[in-house]
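To start, the structure itself, in structure tokens.
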Amino acid sequence: AEGSVGEGAAVRRGVIRFLVVVIDASESMNQRDMRPSRIGVASQVVSTFIDNFFDQNPISQLALVELRQGKAEKITELSGNARHHRGRLEERVVASRGVGGGQASIRAGLEIAAQMLEMQASYGTREVLLVYGSLSSVDNGDIFETLARLQAGQVKVSCVGLAAELFVANRICKETGGSYKVATHVSELRDMILAHTTPAPVLEEKEVRADGISYPKTKLAAGMWVG
């Protein structure tokens with residue numbers, strides 16, 4: 001929490017962000033506890049999120065990944081083109097008739113996200129936002145190997161769930177410095193997803209170098225140091 005920042009450390013925002021939004025489009029997302037359906041609501045909120053994200057992070061980049069039929073598929077590459085992201089998302093909704101299919105694999109989505117984010121410059125934060133409605137993850141391989149890859153790449157994973165808390169997702173979020181929240185109704189889902197439009201805090205600390213002058217030393221939220 002920002003209130004826990006130590007004395008002498010200033011909090012600022014505005015760091016360049018590289019964010020991959022991973023959207024569950026499995027059969028679990030067809031449930032109608034949120035109207036018109038979980039997948040319908042999630043798609044609408046993510047579309048709004050895209051605009052808000054670039055309003056607050058104008059020089060950042062975003063990508064979209066979909067989880068369906070036990071696989072992960074890249075919808076868009078990392079870019080700063082909000083219109084392109086919204087258009088491709090809408091195309092996927094139309095093509096699938098707004099219906100999810102099969103099971104979801106968190107590992108598959110995180111592997112694609114990690115691959116994209118590892119190539120990005122270290123002066124930006126590397127983040128994943130998982131929008132997930134399934135009660136399980138059907139993974140081919142060890143998901144904790146993927147967790148180690150994310151940690152090595154300094155990738156922060158956060159999740160907004162539409163069902164009960166999933167242990168493996170919660171652990172990944174916690175161990176990468178992200179957050180995990182579960183929405184029980186539409187307005188809560190919207191608020192939780194849109195909360196991620198705000199850049200994470202960045203701490204500025206003073207570093208005294210050999211010349212005796214105090215220089216600002218910036219620590220990014222993902223744990224990277226610049227300066």
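Each chain of the structure tokens is named A, B, ... in the order shown, its residues numbered from 1; ligands are numbered from 1 in display order.
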Subject >> Selection near segment 86-94 of chain A, 10 Å with only C-alpha atoms, sequence-local residues under 5 positions removed, as a PyMOL selection string >> reply: chain A and resi 25+39-40+43-44+46-51+64-66+75-76+81+99-100
Original post:
Skipping near chain neighbours, those fewer than 3 positions away, what residues fall within 9 Å of Thr176 of chain A using only C-alpha atoms, listed as a list in words?
Top reply: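 Surrounding residues, per the criterion: Leu147, Leu150, Gln151, Gln154, Val155, Lys156, Val157, Ser158, Arg171, Ile172, Cys173, Ser179 and Ala222 of chain A.
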Take the residues from that selection and write them out as a CSV table (one decimal), in the first residue's frame, keeping N, CA, C and O atoms.
chain,number,residue,atom,x,y,z
A,147,LEU,N,5.8,-20.2,-13.6
A,147,LEU,CA,5.9,-19.2,-12.5
A,147,LEU,C,7.4,-18.7,-12.4
A,147,LEU,O,7.7,-17.5,-12.3
A,150,LEU,N,8.3,-16.4,-15.2
A,150,LEU,CA,7.7,-15.1,-15.0
A,150,LEU,C,8.5,-14.3,-13.9
A,150,LEU,O,8.8,-13.1,-14.1
A,151,GLN,N,8.9,-15.0,-12.9
A,151,GLN,CA,9.7,-14.3,-11.9
A,151,GLN,C,11.1,-13.9,-12.4
A,151,GLN,O,11.5,-12.8,-12.1
A,154,GLN,N,10.7,-10.8,-14.4
A,154,GLN,CA,10.2,-9.7,-13.6
A,154,GLN,C,8.8,-9.3,-14.1
A,154,GLN,O,8.5,-8.1,-14.3
A,155,VAL,N,8.0,-10.3,-14.3
A,155,VAL,CA,6.6,-10.1,-14.8
A,155,VAL,C,5.6,-10.2,-13.7
A,155,VAL,O,5.6,-11.2,-12.9
A,156,LYS,N,4.8,-9.2,-13.5
A,156,LYS,CA,3.8,-9.2,-12.4
A,156,LYS,C,2.5,-9.7,-13.0
A,156,LYS,O,2.0,-9.1,-14.0
A,157,VAL,N,1.9,-10.6,-12.3
A,157,VAL,CA,0.6,-11.2,-12.8
A,157,VAL,C,-0.5,-10.8,-11.8
A,157,VAL,O,-0.3,-11.0,-10.6
A,158,SER,N,-1.6,-10.3,-12.3
A,158,SER,CA,-2.8,-10.0,-11.4
A,158,SER,C,-4.0,-10.7,-12.1
A,158,SER,O,-4.0,-11.0,-13.3
A,171,ARG,N,-1.6,-18.1,-6.0
A,171,ARG,CA,-0.2,-18.2,-5.7
A,171,ARG,C,0.7,-17.5,-6.7
A,171,ARG,O,1.6,-16.9,-6.4
A,172,ILE,N,0.3,-17.7,-8.0
A,172,ILE,CA,1.1,-17.0,-9.0
A,172,ILE,C,1.1,-15.5,-8.9
A,172,ILE,O,2.1,-14.8,-9.0
A,173,CYS,N,-0.1,-15.0,-8.6
A,173,CYS,CA,-0.3,-13.5,-8.4
A,173,CYS,C,0.6,-13.1,-7.2
A,173,CYS,O,1.3,-12.1,-7.3
A,179,SER,N,-2.0,-8.8,-7.8
A,179,SER,CA,-3.2,-8.9,-6.9
A,179,SER,C,-4.2,-9.9,-7.4
A,179,SER,O,-4.1,-10.3,-8.6
A,222,ALA,N,7.8,-3.5,-10.6
A,222,ALA,CA,8.1,-4.9,-10.9
A,222,ALA,C,9.4,-5.3,-10.3
A,222,ALA,O,9.8,-6.5,-10.4
**OP:** Any chance you could list, as a list in words, the residues in segment 45-110 of chain A that come up strand (DSSP E or B) when DSSP is run on the backbone?
**Re:** Gln61, Leu62, Ala63, Leu64, Val65, Glu66, Leu67, Arg68, Lys71, Ala72, Glu73, Lys74, Ile75, Thr76, Glu77, Leu78 and Ser79 of chain A
Original post:
What is the atom CA of Ser26 of chain A to atom CA of Arg68 of chain A distance in Å?
Top reply: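 Going from atom CA of Ser26 of chain A over to atom CA of Arg68 of chain A covers 4.9 Å.
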Any chance you could tabulate, as CSV, the residues of segment 35-70 of chain A at most 8 Å from segment 101-108 of chain A with each one's nearest atom pair and distance in Å to one decimal, using only C-alpha atoms, in chain and rising number order?
residue,atom,partner,partner_atom,distance
A:Leu67,CA,A:Ala104,CA,5.5
A:Arg68,CA,A:Ala104,CA,5.7
A:Gln69,CA,A:Gly102,CA,4.1
A:Gly70,CA,A:Ala104,CA,5.0
Subject >> Distance criterion (only C-alpha atoms): nearest to Thr197 of chain A out of A:Glu77, A:Glu127, A:Asp55, A:Asp33 >> reply: A:Asp55
Original post:
Taking into account only C-alpha atoms, which residue in the set A:Ile143, A:Leu62, A:Ile23, A:Ala163 is nearest to Thr184 of chain A?
Top reply: A:Ala163
**OP:** Identify all residues of segment 36-136 of chain A in helix (DSSP H, G or I) (DSSP on the backbone) and supply them as number ranges by chain.
**Re:** A: 38-56, 82-95, 106-118
Residues just named, written with C-alpha atoms as a PDB file, in the first residue's frame:
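Output file out-v8.pdb follows:
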ATOM      1  CA  ARG A  38     -19.751 -13.904 -18.133  1.00  0.00           C
ATOM      2  CA  ILE A  39     -17.958 -13.783 -21.477  1.00  0.00           C
ATOM      3  CA  GLY A  40     -20.254 -11.032 -22.762  1.00  0.00           C
ATOM      4  CA  VAL A  41     -19.667  -8.856 -19.725  1.00  0.00           C
ATOM      5  CA  ALA A  42     -15.925  -9.544 -19.635  1.00  0.00           C
ATOM      6  CA  SER A  43     -15.550  -8.594 -23.313  1.00  0.00           C
ATOM      7  CA  GLN A  44     -17.460  -5.344 -22.805  1.00  0.00           C
ATOM      8  CA  VAL A  45     -15.425  -4.373 -19.748  1.00  0.00           C
ATOM      9  CA  VAL A  46     -12.101  -5.229 -21.397  1.00  0.00           C
ATOM     10  CA  SER A  47     -13.082  -3.079 -24.389  1.00  0.00           C
ATOM     11  CA  THR A  48     -13.707  -0.147 -22.023  1.00  0.00           C
ATOM     12  CA  PHE A  49     -10.492  -0.967 -20.185  1.00  0.00           C
ATOM     13  CA  ILE A  50      -8.478  -0.622 -23.408  1.00  0.00           C
ATOM     14  CA  ASP A  51      -9.583   2.998 -23.901  1.00  0.00           C
ATOM     15  CA  ASN A  52      -9.058   3.890 -20.253  1.00  0.00           C
ATOM     16  CA  PHE A  53      -5.642   2.211 -20.211  1.00  0.00           C
ATOM     17  CA  PHE A  54      -4.312   4.362 -23.043  1.00  0.00           C
ATOM     18  CA  ASP A  55      -5.889   7.498 -21.581  1.00  0.00           C
ATOM     19  CA  GLN A  56      -3.788   7.018 -18.450  1.00  0.00           C
ATOM     20  CA  ALA A  82      -6.384   1.140 -28.942  1.00  0.00           C
ATOM     21  CA  ARG A  83      -8.675   1.020 -31.988  1.00  0.00           C
ATOM     22  CA  HIS A  84      -6.914  -2.081 -33.322  1.00  0.00           C
ATOM     23  CA  HIS A  85      -7.206  -3.890 -29.979  1.00  0.00           C
ATOM     24  CA  ARG A  86     -10.911  -3.091 -29.650  1.00  0.00           C
ATOM     25  CA  GLY A  87     -11.601  -4.068 -33.248  1.00  0.00           C
ATOM     26  CA  ARG A  88      -9.844  -7.423 -32.996  1.00  0.00           C
ATOM     27  CA  LEU A  89     -11.604  -8.175 -29.703  1.00  0.00           C
ATOM     28  CA  GLU A  90     -14.978  -7.402 -31.276  1.00  0.00           C
ATOM     29  CA  GLU A  91     -14.132  -9.619 -34.250  1.00  0.00           C
ATOM     30  CA  ARG A  92     -13.394 -12.536 -31.930  1.00  0.00           C
ATOM     31  CA  VAL A  93     -16.675 -12.058 -30.074  1.00  0.00           C
ATOM     32  CA  VAL A  94     -18.601 -12.015 -33.361  1.00  0.00           C
ATOM     33  CA  ALA A  95     -16.725 -15.027 -34.744  1.00  0.00           C
ATOM     34  CA  ILE A 106      -3.688 -20.567 -17.347  1.00  0.00           C
ATOM     35  CA  ARG A 107      -0.236 -21.924 -18.168  1.00  0.00           C
ATOM     36  CA  ALA A 108      -0.815 -21.632 -21.913  1.00  0.00           C
ATOM     37  CA  GLY A 109      -1.857 -17.998 -21.544  1.00  0.00           C
ATOM     38  CA  LEU A 110       1.028 -17.100 -19.256  1.00  0.00           C
ATOM     39  CA  GLU A 111       3.574 -18.771 -21.541  1.00  0.00           C
ATOM     40  CA  ILE A 112       2.461 -16.610 -24.484  1.00  0.00           C
ATOM     41  CA  ALA A 113       2.431 -13.532 -22.264  1.00  0.00           C
ATOM     42  CA  ALA A 114       5.918 -14.286 -20.930  1.00  0.00           C
ATOM     43  CA  GLN A 115       7.243 -14.760 -24.454  1.00  0.00           C
ATOM     44  CA  MET A 116       5.958 -11.341 -25.485  1.00  0.00           C
ATOM     45  CA  LEU A 117       7.029  -9.527 -22.340  1.00  0.00           C
ATOM     46  CA  GLU A 118      10.547 -10.952 -22.063  1.00  0.00           C
TER      47      GLU A 118
END
Original post:
Taking into account only C-alpha atoms, which residue in the set A:Ser187, A:Val128, A:Ala200, A:Asn140 is nearest to Ala169 of chain A?
Top reply: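 Of A:Ser187, A:Val128, A:Ala200, A:Asn140, the one nearest Ala169 of chain A, counting only C-alpha atoms, is A:Val128.
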Original post:
What does the distance from atom CA of Ala152 of chain A to atom CA of Val168 of chain A come to in Å, to one decimal?
Top reply: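 Going from atom CA of Ala152 of chain A over to atom CA of Val168 of chain A covers 18.3 Å.
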